[in-house]
Amino acid sequence: MNRLRKILWTLLAALREIFDEAAYQRFLQRASLASSPQAYAEFLREQERISTRPRCC
Amino acid sequence: MKKSLLFLLWIAVALVGMLAVGVVAVRRGEPINAMWLVVGAACCYALGYRFYSKFIAAKMLALDALRATPAERLENGRDYVVTSKWVVFGHHFAAIAGPGPLVGPVLAAQFGYLPGTLWVLAGAVFAGCVQDFVILLFSVRRDGKSLTEMAKTEIGRVGGFVAYAAVMSILVILLAVAALIVVNALKASPWGTFTIAMTIPIALLMGVYLRRIRPGRVLEVSLVGFILVMLAIWGGQWVSEHPPVAGIFTLTAPALALLIIVYGFAASAMPVWLLLAPRDYLSTFVKLGTIALLGVGIVVLHPTLHMPALTRFVDGTGPVFAGKIFPFAFITIACGAISGFHSLISSGTTPKLIARETETRIVGYGAMMAESAVAVMAIIAACVMQPGVYFAINSPAGIVGQAPAAAAATISGWGFPVTAADMQALAHAVGEQTLYNRTGGAPAFAVGMASIFSNSLGGQALMALWYHFAIMFEALFILTVLDAGTRVARFMLQDALAHVYKPLGRTSWYPSILATSALVVAAWGYFLWQGVKDPLGGINSLWPLFGISNQLLATVALCVATTIIVKMHRTKYVLVTLTPLAWLVAITFTASWHKVFDPSPRIGFLAQARQLAAGPTTSETARLIFNNRLDAVVTGILVVMVALVLLESTRQWLEILRGKKESRLSESPFVMTRIAEEGQG
């Protein structure tokens, strides 16, 4: 049961990383901000500066 | 006891793998079950990972769990973040898995299932996984430097320049090919066109929802987007059944090409949050789910492969693309076996997330194995079809003729029986007017996938829905590659132009954004237009060009890797990268030679130009002659540039080995990790 829980947790963590939810949480923590449209806009601006998101063929 | 049990287990895996690959390789004249491919592939990957990657990790690279990675040393919560290895694995896999491992194997299935399967297995284990693994580690040891930066510091300025030029060329050709695949899948298909058109407002809606209503809830909005896309597929059926509306969405190839060019420009110039990011999330959501579903479908249904192991087209006269197995099978299947583009991802975001050096093995080598497994699934999806149906879908009108009866007669004459009535029934079953001349691989893959899905879930009644789900799935992430690729190329161009005029490098300055977006879109749009107007279907000339440029980029990556290995004084293990490098040089240079100088007009660009010049002169033939000569020049320039990198690298290896040059590595200094111990368990 513990192993199953660990697998599900890892899967969810991977999805949250792939879909940038984890990155947004880290941004909020780092900037000491609460989630808001303004904070999300700032996060997106930062993401665009640091990552060009290449996708392979 | 435990050790001897493990030993016996690995012996059993090796024996089962030998049996499965043996059946795949030797069986002739009767259909085989897809499970032989699945079991053979699983055993090859298990053995490759357990033994070969472990050997590389321990002996050649000497991975050090105590050495702090850049994610730990430079952690900033932005791009450098210590992340769990399985999370990085998922992230890396989502970035490397694109349309390539689906489309390439489908096209190469014209040779039969055997050449593609063997190349995918051997290529992944001995070349593709190795490239991704070593480039990832070398980037980790250099604070996450990109391939072009590593080429510059390890090989020299020539290496850096060629890597940059190769990346730009591959991007332009890749984007043109990707767009052409979508055009060929959607032409004269109101259902497909409506569904894909709807993904644009759905993505815009997702963008607004994320930005204004529920900031940061990406998984939630992706699920909402997925449901809306499902509704769009269902709505597409209604559209296709109502002629007045269907007429609006029934478009010719040139019209679709123009729309995609406009879309590419808009996606590159628009704010990323509005269209590009939500589309990327939606496509990743659908991609991961569908790949998992297809894997389960194949295992549950274990279908029979109707395509023979080898077809008559091994002689180079294939209708899908011209050319013999060597070298064309090896450039047609790039992603799935080895893809140079992966070296950009392995030296991009991924190295900045790795917590420990030892984890580069599962992420670099392991994720490429997963991509190779996707290619095996694509081979199965293509080969479950009757060969006659496969060739009817994938052959251009220029070869089999425009009329259904003539096309069916030509294909049956090749020894692959198919009737016009069979094709009409199949088109009707998938909700299309016709399936002839749908070159590019995507429709053939969609038919195979729909037949696997409909046999597992829903029966024949849902065949049309599954077909359009598969078309949506492919077109969605191909268009994501298109908009993300256009943006990446735009950034690279802005970077380069900043050396000429500084404001052009500012990524937020609109005149620069518009000008560079237009330049990039014009470049791939030109090749797309060329493909759309090509009487041989475009894929015949553009896919090999894409394969050659992608494999040439892998050649550059392996030159960088080999140079670093020589500098590390690990020369006795240099064959690990030198062997795939030599193989890639052989296939890319031979393929380039054929594409430029082969006397057959179906293969050689110059021969086709000569044939056209000998015929009646019209403005159309003048344009085709120019395009063929341009393709020849592009191929020639790429080969010459990579030859320069190869010569420069070889010069460096020899000078270091002879002691004439000091081997200076540009690794970041060793720092003891603080997280190794907790991770050891």
# chains A, B, ... in the order shown; residues from 1 in each chain; ligands from 1
call {"tool": "residues_around", "arguments": {"residues": "stretch 347-357 of chain B", "least_positions_apart": "3", "cutoff": "6 Å", "atoms": "only C-alpha atoms", "output": "CSV table (one decimal) with C-alpha atoms, in the first residue's frame"}}
result
chain,number,residue,atom,x,y,z
B,63,LEU,CA,29.6,8.7,-12.5
B,64,ASP,CA,30.2,10.2,-9.1
B,65,ALA,CA,27.3,10.3,-6.6
B,69,THR,CA,25.3,18.8,-9.6
B,71,ALA,CA,20.9,21.8,-9.5
B,80,TYR,CA,18.3,25.2,-11.3
B,81,VAL,CA,16.1,23.0,-9.0
B,82,VAL,CA,17.0,19.7,-7.3
B,83,THR,CA,14.3,17.4,-8.5
B,136,LEU,CA,23.3,15.0,-20.4
B,139,SER,CA,26.2,19.2,-19.6
B,140,VAL,CA,25.6,18.5,-15.9
B,144,GLY,CA,24.0,22.9,-17.8
B,146,SER,CA,24.0,23.9,-24.2
B,147,LEU,CA,25.3,21.7,-27.0
B,344,LEU,CA,19.5,19.9,-27.3
B,360,THR,CA,21.7,10.8,-15.6
call {"tool": "select_by_dssp", "arguments": {"residues": "stretch 505-534 of chain B", "states": "helix (DSSP H, G or I)", "output": "number ranges by chain"}}
result
B: 505, 510-533
call {"tool": "write_last_selection", "arguments": {"atoms": "N, CA, C and O atoms", "output": "CSV table (one decimal), in the first residue's frame"}}
result
chain,number,residue,atom,x,y,z
B,505,GLY,N,18.2,42.0,-30.6
B,505,GLY,CA,18.3,40.8,-29.6
B,505,GLY,C,17.3,40.9,-28.5
B,505,GLY,O,17.2,39.9,-27.7
B,510,TYR,N,8.9,44.7,-30.0
B,510,TYR,CA,8.0,44.2,-31.0
B,510,TYR,C,8.5,44.3,-32.5
B,510,TYR,O,8.3,43.3,-33.2
B,511,PRO,N,9.2,45.4,-32.9
B,511,PRO,CA,9.7,45.3,-34.3
B,511,PRO,C,10.6,44.1,-34.5
B,511,PRO,O,10.5,43.5,-35.6
B,512,SER,N,11.4,43.8,-33.5
B,512,SER,CA,12.3,42.7,-33.7
B,512,SER,C,11.5,41.4,-33.7
B,512,SER,O,11.8,40.5,-34.5
B,513,ILE,N,10.5,41.3,-32.8
B,513,ILE,CA,9.7,40.1,-32.7
B,513,ILE,C,9.0,39.8,-34.1
B,513,ILE,O,9.1,38.7,-34.6
B,514,LEU,N,8.4,40.8,-34.6
B,514,LEU,CA,7.7,40.7,-35.9
B,514,LEU,C,8.6,40.3,-37.0
B,514,LEU,O,8.4,39.4,-37.8
B,515,ALA,N,9.8,41.0,-37.1
B,515,ALA,CA,10.7,40.8,-38.2
B,515,ALA,C,11.3,39.4,-38.1
B,515,ALA,O,11.3,38.7,-39.1
B,516,THR,N,11.7,39.0,-36.9
B,516,THR,CA,12.4,37.7,-36.8
B,516,THR,C,11.4,36.5,-37.0
B,516,THR,O,11.6,35.5,-37.6
B,517,SER,N,10.1,36.8,-36.4
B,517,SER,CA,9.1,35.7,-36.6
B,517,SER,C,8.8,35.6,-38.1
B,517,SER,O,8.7,34.5,-38.6
B,518,ALA,N,8.7,36.7,-38.8
B,518,ALA,CA,8.4,36.6,-40.3
B,518,ALA,C,9.5,35.9,-41.0
B,518,ALA,O,9.2,35.1,-41.9
B,519,LEU,N,10.8,36.2,-40.6
B,519,LEU,CA,11.9,35.5,-41.3
B,519,LEU,C,11.9,34.0,-41.1
B,519,LEU,O,12.0,33.2,-42.0
B,520,VAL,N,11.6,33.6,-39.8
B,520,VAL,CA,11.6,32.1,-39.5
B,520,VAL,C,10.4,31.5,-40.2
B,520,VAL,O,10.6,30.4,-40.9
B,521,VAL,N,9.3,32.1,-40.2
B,521,VAL,CA,8.1,31.5,-40.8
B,521,VAL,C,8.2,31.5,-42.3
B,521,VAL,O,7.8,30.5,-42.9
B,522,ALA,N,8.8,32.5,-42.9
B,522,ALA,CA,9.1,32.5,-44.3
B,522,ALA,C,10.0,31.3,-44.7
B,522,ALA,O,9.8,30.7,-45.7
B,523,ALA,N,11.0,31.1,-43.9
B,523,ALA,CA,11.9,30.0,-44.2
B,523,ALA,C,11.2,28.6,-44.2
B,523,ALA,O,11.3,27.9,-45.2
B,524,TRP,N,10.5,28.3,-43.1
B,524,TRP,CA,9.9,27.0,-43.2
B,524,TRP,C,8.7,27.0,-44.0
B,524,TRP,O,8.3,25.9,-44.6
B,525,GLY,N,8.0,28.1,-44.2
B,525,GLY,CA,6.8,28.2,-45.0
B,525,GLY,C,7.2,28.0,-46.5
B,525,GLY,O,6.5,27.4,-47.2
B,526,TYR,N,8.4,28.4,-46.9
B,526,TYR,CA,8.9,28.2,-48.3
B,526,TYR,C,9.0,26.7,-48.5
B,526,TYR,O,8.5,26.2,-49.5
B,527,PHE,N,9.6,26.0,-47.6
B,527,PHE,CA,9.8,24.5,-47.8
B,527,PHE,C,8.4,23.8,-47.7
B,527,PHE,O,8.2,22.8,-48.4
B,528,LEU,N,7.5,24.3,-46.9
B,528,LEU,CA,6.2,23.7,-46.8
B,528,LEU,C,5.5,23.9,-48.1
B,528,LEU,O,4.9,22.9,-48.7
B,529,TRP,N,5.5,25.1,-48.7
B,529,TRP,CA,4.9,25.3,-50.0
B,529,TRP,C,5.4,24.4,-51.1
B,529,TRP,O,4.7,23.9,-51.9
B,530,GLN,N,6.8,24.3,-51.0
B,530,GLN,CA,7.4,23.4,-52.0
B,530,GLN,C,6.9,22.0,-51.8
B,530,GLN,O,6.6,21.3,-52.8
B,531,GLY,N,6.7,21.5,-50.6
B,531,GLY,CA,6.2,20.2,-50.4
B,531,GLY,C,4.8,20.0,-50.8
B,531,GLY,O,4.4,19.0,-51.4
B,532,VAL,N,4.0,21.0,-50.6
B,532,VAL,CA,2.5,20.9,-51.0
B,532,VAL,C,2.4,20.9,-52.5
B,532,VAL,O,1.5,20.2,-53.0
B,533,LYS,N,3.3,21.6,-53.2
B,533,LYS,CA,3.2,21.6,-54.7
B,533,LYS,C,3.9,20.5,-55.4
B,533,LYS,O,3.8,20.4,-56.6
call {"tool": "interface_residues", "arguments": {"of": "chain B", "to": "chain A", "cutoff": "7 Å", "atoms": "only C-alpha atoms", "output": "PyMOL selection string"}}
result
chain B and resi 77+79+86-87+90-91+95-100+211-212+215-219+273+281+341-342+481+484-485+488
call {"tool": "closest_residue", "arguments": {"among": "B:Asn550, B:Ser4, B:Thr562, B:Thr290", "to": "B:Ile135", "atoms": "only C-alpha atoms"}}
result
B:Thr562
call {"tool": "residues_around", "arguments": {"residues": "B:Arg570", "least_positions_apart": "3", "cutoff": "10 Å", "atoms": "only C-alpha atoms", "output": "ChimeraX atom specification"}}
result
/B:59-62,562,564-567,573-574
call {"tool": "write_last_selection", "arguments": {"atoms": "N, CA and C atoms", "output": "PDB file, in the first residue's frame"}}
result
ATOM      1  N   LYS B  59      32.478   2.552 -16.101  1.00  0.00           N
ATOM      2  CA  LYS B  59      33.831   2.523 -16.670  1.00  0.00           C
ATOM      3  C   LYS B  59      34.168   3.799 -17.452  1.00  0.00           C
ATOM      4  N   MET B  60      33.278   4.169 -18.360  1.00  0.00           N
ATOM      5  CA  MET B  60      33.645   5.284 -19.237  1.00  0.00           C
ATOM      6  C   MET B  60      33.439   6.642 -18.567  1.00  0.00           C
ATOM      7  N   LEU B  61      32.274   6.810 -17.939  1.00  0.00           N
ATOM      8  CA  LEU B  61      31.957   8.136 -17.397  1.00  0.00           C
ATOM      9  C   LEU B  61      32.349   8.284 -15.928  1.00  0.00           C
ATOM     10  N   ALA B  62      32.499   7.147 -15.250  1.00  0.00           N
ATOM     11  CA  ALA B  62      32.822   7.157 -13.809  1.00  0.00           C
ATOM     12  C   ALA B  62      31.902   8.130 -13.062  1.00  0.00           C
ATOM     13  N   THR B 562      32.788  12.514 -28.026  1.00  0.00           N
ATOM     14  CA  THR B 562      34.053  11.780 -28.217  1.00  0.00           C
ATOM     15  C   THR B 562      35.247  12.665 -27.843  1.00  0.00           C
ATOM     16  N   ILE B 564      35.338  15.011 -25.632  1.00  0.00           N
ATOM     17  CA  ILE B 564      35.413  15.102 -24.169  1.00  0.00           C
ATOM     18  C   ILE B 564      35.974  13.804 -23.582  1.00  0.00           C
ATOM     19  N   ILE B 565      35.551  12.667 -24.158  1.00  0.00           N
ATOM     20  CA  ILE B 565      36.053  11.371 -23.652  1.00  0.00           C
ATOM     21  C   ILE B 565      37.569  11.263 -23.864  1.00  0.00           C
ATOM     22  N   VAL B 566      38.041  11.718 -25.031  1.00  0.00           N
ATOM     23  CA  VAL B 566      39.491  11.698 -25.291  1.00  0.00           C
ATOM     24  C   VAL B 566      40.197  12.625 -24.291  1.00  0.00           C
ATOM     25  N   LYS B 567      39.617  13.795 -24.052  1.00  0.00           N
ATOM     26  CA  LYS B 567      40.225  14.732 -23.104  1.00  0.00           C
ATOM     27  C   LYS B 567      40.215  14.183 -21.674  1.00  0.00           C
ATOM     28  N   TYR B 573      37.747   3.486 -23.930  1.00  0.00           N
ATOM     29  CA  TYR B 573      36.293   3.280 -24.050  1.00  0.00           C
ATOM     30  C   TYR B 573      35.677   4.125 -25.169  1.00  0.00           C
ATOM     31  N   VAL B 574      36.549   4.707 -25.971  1.00  0.00           N
ATOM     32  CA  VAL B 574      36.059   5.687 -26.950  1.00  0.00           C
ATOM     33  C   VAL B 574      35.124   5.074 -28.005  1.00  0.00           C
TER      34      VAL B 574
END
call {"tool": "residues_around", "arguments": {"residues": "B:Gly112", "least_positions_apart": "5", "cutoff": "10 Å", "atoms": "only C-alpha atoms", "output": "ChimeraX atom specification"}}
result
/B:117,306-314,379,382-383,387
call {"tool": "write_last_selection", "arguments": {"atoms": "N, CA, C and O atoms", "output": "JSON list (two decimals), in the first residue's frame"}}
result
[["chain", "number", "residue", "atom", "x", "y", "z"],
["B", 117, "THR", "N", 12.29, -2.37, -37.21],
["B", 117, "THR", "CA", 12.36, -2.91, -35.84],
["B", 117, "THR", "C", 13.82, -3.09, -35.40],
["B", 117, "THR", "O", 14.20, -2.68, -34.28],
["B", 306, "HIS", "N", 0.18, -7.80, -40.52],
["B", 306, "HIS", "CA", -0.09, -8.29, -41.87],
["B", 306, "HIS", "C", 1.00, -7.91, -42.86],
["B", 306, "HIS", "O", 1.12, -8.51, -43.91],
["B", 307, "MET", "N", 1.77, -6.90, -42.52],
["B", 307, "MET", "CA", 2.88, -6.48, -43.40],
["B", 307, "MET", "C", 3.95, -7.58, -43.35],
["B", 307, "MET", "O", 4.23, -8.11, -42.27],
["B", 308, "PRO", "N", 4.54, -7.94, -44.50],
["B", 308, "PRO", "CA", 5.62, -8.94, -44.44],
["B", 308, "PRO", "C", 6.87, -8.38, -43.75],
["B", 308, "PRO", "O", 7.00, -7.16, -43.57],
["B", 309, "ALA", "N", 7.78, -9.31, -43.39],
["B", 309, "ALA", "CA", 9.03, -8.88, -42.74],
["B", 309, "ALA", "C", 9.81, -7.96, -43.67],
["B", 309, "ALA", "O", 10.37, -6.95, -43.24],
["B", 310, "LEU", "N", 9.88, -8.34, -44.93],
["B", 310, "LEU", "CA", 10.58, -7.53, -45.93],
["B", 310, "LEU", "C", 9.68, -7.42, -47.16],
["B", 310, "LEU", "O", 9.09, -8.41, -47.57],
["B", 311, "THR", "N", 9.58, -6.24, -47.74],
["B", 311, "THR", "CA", 8.77, -6.09, -48.95],
["B", 311, "THR", "C", 9.70, -5.99, -50.16],
["B", 311, "THR", "O", 10.92, -5.88, -50.01],
["B", 312, "ARG", "N", 9.09, -5.99, -51.33],
["B", 312, "ARG", "CA", 9.89, -5.87, -52.56],
["B", 312, "ARG", "C", 10.60, -4.52, -52.65],
["B", 312, "ARG", "O", 11.52, -4.34, -53.44],
["B", 313, "PHE", "N", 10.16, -3.55, -51.81],
["B", 313, "PHE", "CA", 10.70, -2.19, -51.94],
["B", 313, "PHE", "C", 12.06, -2.01, -51.26],
["B", 313, "PHE", "O", 12.58, -0.89, -51.21],
["B", 314, "VAL", "N", 12.61, -3.11, -50.73],
["B", 314, "VAL", "CA", 13.98, -3.00, -50.21],
["B", 314, "VAL", "C", 14.96, -2.64, -51.35],
["B", 314, "VAL", "O", 16.07, -2.21, -51.10],
["B", 379, "ILE", "N", 5.51, 1.12, -35.32],
["B", 379, "ILE", "CA", 5.73, 0.06, -36.33],
["B", 379, "ILE", "C", 4.55, -0.92, -36.29],
["B", 379, "ILE", "O", 4.01, -1.31, -37.33],
["B", 382, "ALA", "N", 1.43, 0.55, -37.87],
["B", 382, "ALA", "CA", 1.49, 0.59, -39.34],
["B", 382, "ALA", "C", 1.35, -0.79, -39.94],
["B", 382, "ALA", "O", 0.77, -0.96, -41.02],
["B", 383, "CYS", "N", 1.90, -1.79, -39.24],
["B", 383, "CYS", "CA", 1.97, -3.13, -39.84],
["B", 383, "CYS", "C", 0.74, -4.00, -39.53],
["B", 383, "CYS", "O", 0.64, -5.10, -40.07],
["B", 387, "PRO", "N", -1.18, -4.73, -46.14],
["B", 387, "PRO", "CA", -0.18, -3.94, -46.86],
["B", 387, "PRO", "C", -0.78, -3.12, -48.00],
["B", 387, "PRO", "O", -0.36, -1.98, -48.25]]
call {"tool": "select_by_dssp", "arguments": {"residues": "stretch 243-426 of chain B", "states": "strand (DSSP E or B)", "output": "short mmCIF file (atom, residue, chain, number, x, y, z; two decimals) with all heavy atoms, in the first residue's frame"}}
result
data_model
loop_
_atom_site.label_atom_id
_atom_site.label_comp_id
_atom_site.auth_asym_id
_atom_site.auth_seq_id
_atom_site.Cartn_x
_atom_site.Cartn_y
_atom_site.Cartn_z
N THR B 304 -2.22 -9.10 -34.94
CA THR B 304 -1.35 -9.78 -35.91
C THR B 304 -0.81 -8.74 -36.92
O THR B 304 -1.55 -7.87 -37.35
CB THR B 304 -2.17 -10.85 -36.66
OG1 THR B 304 -2.65 -11.78 -35.69
CG2 THR B 304 -1.34 -11.58 -37.70
N LEU B 305 0.46 -8.89 -37.26
CA LEU B 305 1.04 -7.98 -38.26
C LEU B 305 0.81 -8.56 -39.65
O LEU B 305 1.20 -9.71 -39.91
CB LEU B 305 2.54 -7.80 -38.03
CG LEU B 305 2.99 -7.34 -36.64
CD1 LEU B 305 4.49 -7.09 -36.64
CD2 LEU B 305 2.26 -6.08 -36.22
N ILE B 354 18.81 17.76 -12.45
CA ILE B 354 19.36 16.49 -11.96
C ILE B 354 19.95 16.66 -10.56
O ILE B 354 20.78 17.54 -10.33
CB ILE B 354 20.46 15.99 -12.93
CG1 ILE B 354 19.86 15.67 -14.31
CG2 ILE B 354 21.25 14.84 -12.35
CD1 ILE B 354 19.15 14.37 -14.42
N ARG B 356 21.59 14.15 -8.71
CA ARG B 356 22.87 13.47 -8.55
C ARG B 356 23.34 12.95 -9.90
O ARG B 356 22.53 12.54 -10.74
CB ARG B 356 22.73 12.29 -7.58
CG ARG B 356 22.51 12.74 -6.15
CD ARG B 356 22.70 11.61 -5.20
NE ARG B 356 21.78 10.52 -5.48
CZ ARG B 356 22.04 9.26 -5.17
NH1 ARG B 356 23.17 8.94 -4.63
NH2 ARG B 356 21.16 8.32 -5.43
#
call {"tool": "atom_distance", "arguments": {"atom1": "atom CA of B:Ile155", "atom2": "atom CA of B:Thr588"}}
result
20.8 Å
call {"tool": "atom_distance", "arguments": {"atom1": "atom CA of B:Leu180", "atom2": "atom CA of B:Leu205"}}
result
26.8 Å
call {"tool": "atom_distance", "arguments": {"atom1": "atom CA of B:Ala489", "atom2": "atom CA of B:Pro327"}}
result
28.8 Å
call {"tool": "decode", "arguments": {"residues": "stretch 330-343 of chain B", "atoms": "N, CA, C and O atoms", "output": "tab-separated table (two decimals), in the first residue's frame"}}
result
chain	number	residue	atom	x	y	z
B	330	PHE	N	17.64	4.29	-42.30
B	330	PHE	CA	18.31	4.80	-41.09
B	330	PHE	C	18.19	6.32	-40.94
B	330	PHE	O	18.43	6.85	-39.86
B	331	ILE	N	17.88	6.99	-42.03
B	331	ILE	CA	17.61	8.43	-41.86
B	331	ILE	C	16.11	8.69	-41.76
B	331	ILE	O	15.68	9.72	-41.25
B	332	THR	N	15.30	7.73	-42.26
B	332	THR	CA	13.85	7.89	-42.15
B	332	THR	C	13.42	7.73	-40.70
B	332	THR	O	12.58	8.48	-40.19
B	333	ILE	N	14.00	6.73	-40.02
B	333	ILE	CA	13.72	6.58	-38.58
B	333	ILE	C	14.87	7.25	-37.83
B	333	ILE	O	15.97	6.71	-37.73
B	334	ALA	N	14.62	8.44	-37.32
B	334	ALA	CA	15.64	9.14	-36.53
B	334	ALA	C	15.21	9.03	-35.06
B	334	ALA	O	15.73	8.20	-34.31
B	335	CYS	N	14.22	9.83	-34.67
B	335	CYS	CA	13.68	9.72	-33.31
B	335	CYS	C	13.18	8.28	-33.17
B	335	CYS	O	12.58	7.76	-34.09
B	336	GLY	N	13.45	7.65	-32.07
B	336	GLY	CA	13.10	6.23	-31.92
B	336	GLY	C	14.35	5.39	-31.97
B	336	GLY	O	14.43	4.35	-31.31
B	337	ALA	N	15.36	5.84	-32.75
B	337	ALA	CA	16.65	5.12	-32.78
B	337	ALA	C	17.74	6.08	-32.28
B	337	ALA	O	18.34	5.85	-31.25
B	338	ILE	N	17.98	7.14	-33.03
B	338	ILE	CA	18.87	8.21	-32.53
B	338	ILE	C	18.42	9.52	-33.17
B	338	ILE	O	18.15	9.57	-34.37
B	339	SER	N	18.32	10.55	-32.37
B	339	SER	CA	17.88	11.84	-32.87
B	339	SER	C	18.79	12.93	-32.31
B	339	SER	O	18.93	13.07	-31.09
B	340	GLY	N	19.40	13.69	-33.22
B	340	GLY	CA	20.29	14.77	-32.78
B	340	GLY	C	19.56	15.82	-31.96
B	340	GLY	O	20.14	16.44	-31.06
B	341	PHE	N	18.28	15.99	-32.25
B	341	PHE	CA	17.50	17.01	-31.54
B	341	PHE	C	17.50	16.75	-30.03
B	341	PHE	O	17.44	17.67	-29.22
B	342	HIS	N	17.56	15.45	-29.64
B	342	HIS	CA	17.55	15.12	-28.21
B	342	HIS	C	18.73	15.74	-27.48
B	342	HIS	O	18.66	16.02	-26.29
B	343	SER	N	19.84	15.91	-28.21
B	343	SER	CA	21.03	16.46	-27.55
B	343	SER	C	20.77	17.90	-27.09
B	343	SER	O	21.41	18.38	-26.15
